[in-house]
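K.L.:
Below is one structure. I have some questions about it.
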Amino acid sequence: MAQVPDFVSLNGPDNVGKTTHLVRLAERWDGFQPLGAVHEHDPEPWARAAAGDYARWWFETSTTVELTEMLLAGHAKRAAAREAGRTGLLDRGLSMLLAVATATCVVKDGLTVGEAFKTVTGIAGSRATAPEVSILLLPSLDAERSYAITSAREGRPWTGIYPAYQKTLHAVLLHQAEHGAYTAVVDCEDRSLDDVHSDVVDRLGLSPLSDGSPQ
């Protein structure tokens, strides 16, 4: 990378390969610091939410303000855990967290994607964030096809409100991509894991082979 960023995030819907690619990135350069997901850095409120019916809390009883604030609080604590001089690897960056809150708002409150996104960004405001190189991994550039691919990879049917949420999330991510919310978008359709990873590495400006540096 010409200029080493504070953070690199991999984003995308369930079953697109975010975790796998983050592990492979961490293995190629010791300057990367895996920071994982937001709930790992702010476990108490997430543990309380998960203590009962987690899906009901997420999609019915929590408010959009509460969910968005919890996501942002975890994101801030995760950012604070980055060691000086290292690049934090994020499982879902800021734009993806806003997409999650937006898709939840759509299915829970019956708003359009545009209305929900305005609501969520209004809650988030202009909070200061460190420089983040965000890469969006998409199973397909078509929302319906994208959902079909990732739901098939789940291995068991999604039930309840979750299919509607996932379909909405795919649409929100594509909406964000069209409006330049991510540094780069990688189309994963009909491509091997190795091919996609090579594309991720290229978008980050990393050398094809790890040599202990990000150049």
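Naming scheme: A, B, ... for chains in displayed order of the structure tokens; residues 1 onward per chain; ligands 1 onward as shown.
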Compile a residue-level contact table for stretch 41-62 of chain A against stretch 164-173 of chain A at a cut-off of 12 Å, reporting for every qualifying residue the shortest atom pair and its distance in Å to one decimal, with only C-alpha atoms counted, rows ordered by chain and ascending number, as a Markdown table.
P.N.:
```
| residue | atom | partner | partner_atom | distance |
| --- | --- | --- | --- | --- |
| A:Ala55 | CA | A:Tyr165 | CA | 11.3 |
| A:Trp58 | CA | A:Tyr165 | CA | 10.9 |
| A:Phe59 | CA | A:Tyr165 | CA | 9.0 |
```
K.L.:
Just N, CA and C atoms for this one: save the residues we selected as a PDB file, in the first residue's frame.
P.N.:
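And here is the file that came out, result-v8.pdb:
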```pdb
ATOM      1  N   ALA A  55     -33.394 -12.717  18.145  1.00  0.00           N
ATOM      2  CA  ALA A  55     -34.024 -12.272  16.900  1.00  0.00           C
ATOM      3  C   ALA A  55     -35.186 -11.327  17.192  1.00  0.00           C
ATOM      4  N   TRP A  58     -33.726  -7.997  18.166  1.00  0.00           N
ATOM      5  CA  TRP A  58     -33.129  -7.300  17.018  1.00  0.00           C
ATOM      6  C   TRP A  58     -34.194  -6.713  16.104  1.00  0.00           C
ATOM      7  N   PHE A  59     -35.199  -7.518  15.787  1.00  0.00           N
ATOM      8  CA  PHE A  59     -36.148  -7.123  14.749  1.00  0.00           C
ATOM      9  C   PHE A  59     -37.476  -6.573  15.278  1.00  0.00           C
TER      10      PHE A  59
END
```
K.L.:
When DSSP is applied to the backbone of this structure, which of stretch 34-204 of chain A are assigned strand (DSSP E)? Write them out as a list in words.
P.N.:
Pro34, Leu35, Gly36, Thr87, Gly88, Leu89, Leu90, Asp91, Glu132, Val133, Ser134, Ile135, Leu136, Leu137, Leu138, Ala184, Val185, Val186 and Asp187 of chain A
K.L.:
Residues of the last selection are to be written out with C-alpha atoms, as a CSV table (one decimal), in the first residue's frame.
P.N.:
```csv
chain,number,residue,atom,x,y,z
A,34,PRO,CA,-7.1,-8.5,13.4
A,35,LEU,CA,-9.8,-6.6,15.3
A,36,GLY,CA,-12.8,-8.7,14.5
A,87,THR,CA,-3.4,-1.5,10.4
A,88,GLY,CA,-6.6,-2.8,12.0
A,89,LEU,CA,-8.5,-5.5,10.1
A,90,LEU,CA,-12.2,-5.0,10.6
A,91,ASP,CA,-15.0,-7.6,10.1
A,132,GLU,CA,-10.6,3.3,6.6
A,133,VAL,CA,-10.0,1.4,3.3
A,134,SER,CA,-13.4,-0.4,2.8
A,135,ILE,CA,-13.8,-3.3,0.4
A,136,LEU,CA,-17.3,-4.6,-0.4
A,137,LEU,CA,-17.5,-8.2,-1.4
A,138,LEU,CA,-20.7,-9.0,-3.4
A,184,ALA,CA,-13.6,-0.7,-3.8
A,185,VAL,CA,-16.3,-3.3,-4.8
A,186,VAL,CA,-15.3,-6.8,-5.7
A,187,ASP,CA,-17.8,-8.9,-7.7
```
K.L.:
Out of A:Leu206, A:Val120, A:Ala103, A:Leu193, which residue has the shortest atom-to-atom distance to A:Ile161 when counting only C-alpha atoms?
P.N.:
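That would be A:Ala103, the residue with the smallest distance to A:Ile161.
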K.L.:
Just list as an MDAnalysis selection string whatever in stretch 88-189 of chain A DSSP marks as alpha helix (DSSP H).
P.N.:
chainID A and resid 94:109 113:124 143:153 162:178
K.L.:
As a PyMOL selection string, please: the residues near stretch 197-199 of chain A (cut-off 8 Å, only C-alpha atoms, same-chain neighbours under 2 positions excluded).
P.N.:
chain A and resi 21+186+193-195+201-203+208
K.L.:
When you look at stretch 37-46 of chain A with a cut-off of 7 Å (counting only C-alpha atoms), what residues show up, excluding the ones that are within fewer than 6 positions of it in the same chain? I need them as a PDB file with N, CA and C atoms, in the first residue's frame.
P.N.:
```pdb
ATOM      1  N   LEU A  71     -24.133  -0.497  17.662  1.00  0.00           N
ATOM      2  CA  LEU A  71     -23.179  -0.798  16.596  1.00  0.00           C
ATOM      3  C   LEU A  71     -22.049   0.232  16.564  1.00  0.00           C
ATOM      4  N   GLY A  74     -19.670  -0.085  19.667  1.00  0.00           N
ATOM      5  CA  GLY A  74     -18.737  -1.188  19.475  1.00  0.00           C
ATOM      6  C   GLY A  74     -17.659  -0.845  18.466  1.00  0.00           C
ATOM      7  N   HIS A  75     -18.048  -0.125  17.429  1.00  0.00           N
ATOM      8  CA  HIS A  75     -17.091   0.295  16.394  1.00  0.00           C
ATOM      9  C   HIS A  75     -16.034   1.233  16.981  1.00  0.00           C
ATOM     10  N   LYS A  77     -15.066   1.414  20.174  1.00  0.00           N
ATOM     11  CA  LYS A  77     -14.195   0.662  21.079  1.00  0.00           C
ATOM     12  C   LYS A  77     -13.239  -0.232  20.297  1.00  0.00           C
ATOM     13  N   ARG A  78     -13.708  -0.782  19.204  1.00  0.00           N
ATOM     14  CA  ARG A  78     -12.841  -1.599  18.349  1.00  0.00           C
ATOM     15  C   ARG A  78     -11.714  -0.750  17.767  1.00  0.00           C
ATOM     16  N   LEU A  90     -10.886  -5.044  10.041  1.00  0.00           N
ATOM     17  CA  LEU A  90     -12.245  -4.992  10.573  1.00  0.00           C
ATOM     18  C   LEU A  90     -13.181  -5.948   9.840  1.00  0.00           C
ATOM     19  N   ASP A  91     -13.895  -6.750  10.603  1.00  0.00           N
ATOM     20  CA  ASP A  91     -14.976  -7.559  10.061  1.00  0.00           C
ATOM     21  C   ASP A  91     -16.215  -6.670  10.062  1.00  0.00           C
ATOM     22  N   ARG A  92     -16.487  -6.055   8.951  1.00  0.00           N
ATOM     23  CA  ARG A  92     -17.545  -5.061   8.737  1.00  0.00           C
ATOM     24  C   ARG A  92     -17.093  -3.702   9.288  1.00  0.00           C
TER      25      ARG A  92
END
```
K.L.:
Kindly give the distance, in Å, that separates atom CA of A:Glu83 and atom CA of A:Ser9, rounded to a single decimal.
P.N.:
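Result for atom CA of A:Glu83 versus atom CA of A:Ser9: 16.0 Å, one decimal.
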K.L.:
Which neighbours of A:Ala116 fall inside 9 Å, counting only C-alpha atoms, when residues of the same chain fewer than 3 positions from it are skipped, and could you give them as an mmCIF file with N, CA and C atoms, in the first residue's frame?
P.N.:
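Written file, part.cif:
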```cif
data_model
loop_
_atom_site.group_PDB
_atom_site.id
_atom_site.type_symbol
_atom_site.label_atom_id
_atom_site.label_comp_id
_atom_site.auth_asym_id
_atom_site.auth_seq_id
_atom_site.Cartn_x
_atom_site.Cartn_y
_atom_site.Cartn_z
ATOM 1 N N ALA A 101 -27.893 -1.554 10.058
ATOM 2 C CA ALA A 101 -28.927 -0.804 10.770
ATOM 3 C C ALA A 101 -30.032 -0.352 9.822
ATOM 4 N N THR A 102 -29.655 0.039 8.616
ATOM 5 C CA THR A 102 -30.638 0.487 7.622
ATOM 6 C C THR A 102 -31.561 -0.646 7.204
ATOM 7 N N ALA A 103 -30.994 -1.799 6.888
ATOM 8 C CA ALA A 103 -31.813 -2.940 6.463
ATOM 9 C C ALA A 103 -32.751 -3.373 7.579
ATOM 10 N N THR A 104 -32.255 -3.344 8.823
ATOM 11 C CA THR A 104 -33.107 -3.691 9.963
ATOM 12 C C THR A 104 -34.247 -2.699 10.102
ATOM 13 N N CYS A 105 -33.947 -1.431 9.932
ATOM 14 C CA CYS A 105 -34.960 -0.376 10.015
ATOM 15 C C CYS A 105 -36.039 -0.552 8.953
ATOM 16 N N VAL A 106 -35.634 -0.960 7.747
ATOM 17 C CA VAL A 106 -36.592 -1.172 6.656
ATOM 18 C C VAL A 106 -37.601 -2.253 7.032
ATOM 19 N N ASP A 109 -39.519 -1.209 10.616
ATOM 20 C CA ASP A 109 -40.360 -0.014 10.664
ATOM 21 C C ASP A 109 -41.133 0.249 9.381
ATOM 22 N N GLY A 110 -40.919 -0.591 8.372
ATOM 23 C CA GLY A 110 -41.678 -0.452 7.137
ATOM 24 C C GLY A 110 -41.303 0.759 6.291
ATOM 25 N N LEU A 111 -40.080 1.244 6.444
ATOM 26 C CA LEU A 111 -39.636 2.393 5.666
ATOM 27 C C LEU A 111 -39.024 1.948 4.340
ATOM 28 N N THR A 112 -38.878 2.869 3.413
ATOM 29 C CA THR A 112 -38.131 2.578 2.199
ATOM 30 C C THR A 112 -36.643 2.585 2.531
ATOM 31 N N VAL A 113 -35.828 2.061 1.625
ATOM 32 C CA VAL A 113 -34.388 2.064 1.842
ATOM 33 C C VAL A 113 -33.879 3.491 2.016
ATOM 34 N N THR A 119 -32.638 7.965 8.176
ATOM 35 C CA THR A 119 -32.840 7.843 9.616
ATOM 36 C C THR A 119 -31.549 7.417 10.315
ATOM 37 N N VAL A 120 -30.903 6.389 9.776
ATOM 38 C CA VAL A 120 -29.699 5.835 10.400
ATOM 39 C C VAL A 120 -28.530 6.815 10.325
ATOM 40 N N THR A 121 -28.349 7.448 9.187
ATOM 41 C CA THR A 121 -27.241 8.406 9.069
ATOM 42 C C THR A 121 -27.491 9.626 9.946
#
```
K.L.:
Find the residue from A:Glu154, A:Ala51, A:Lys118, A:Cys188 that sits nearest to A:Asp142; use only C-alpha atoms when measuring.
P.N.:
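So, comparing all the options, the nearest one is A:Cys188.
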K.L.:
Interatomic distance between atom CA of A:Leu25 and atom CA of A:Ala143?
P.N.:
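That distance, rounded to one decimal, is 27.1 Å.
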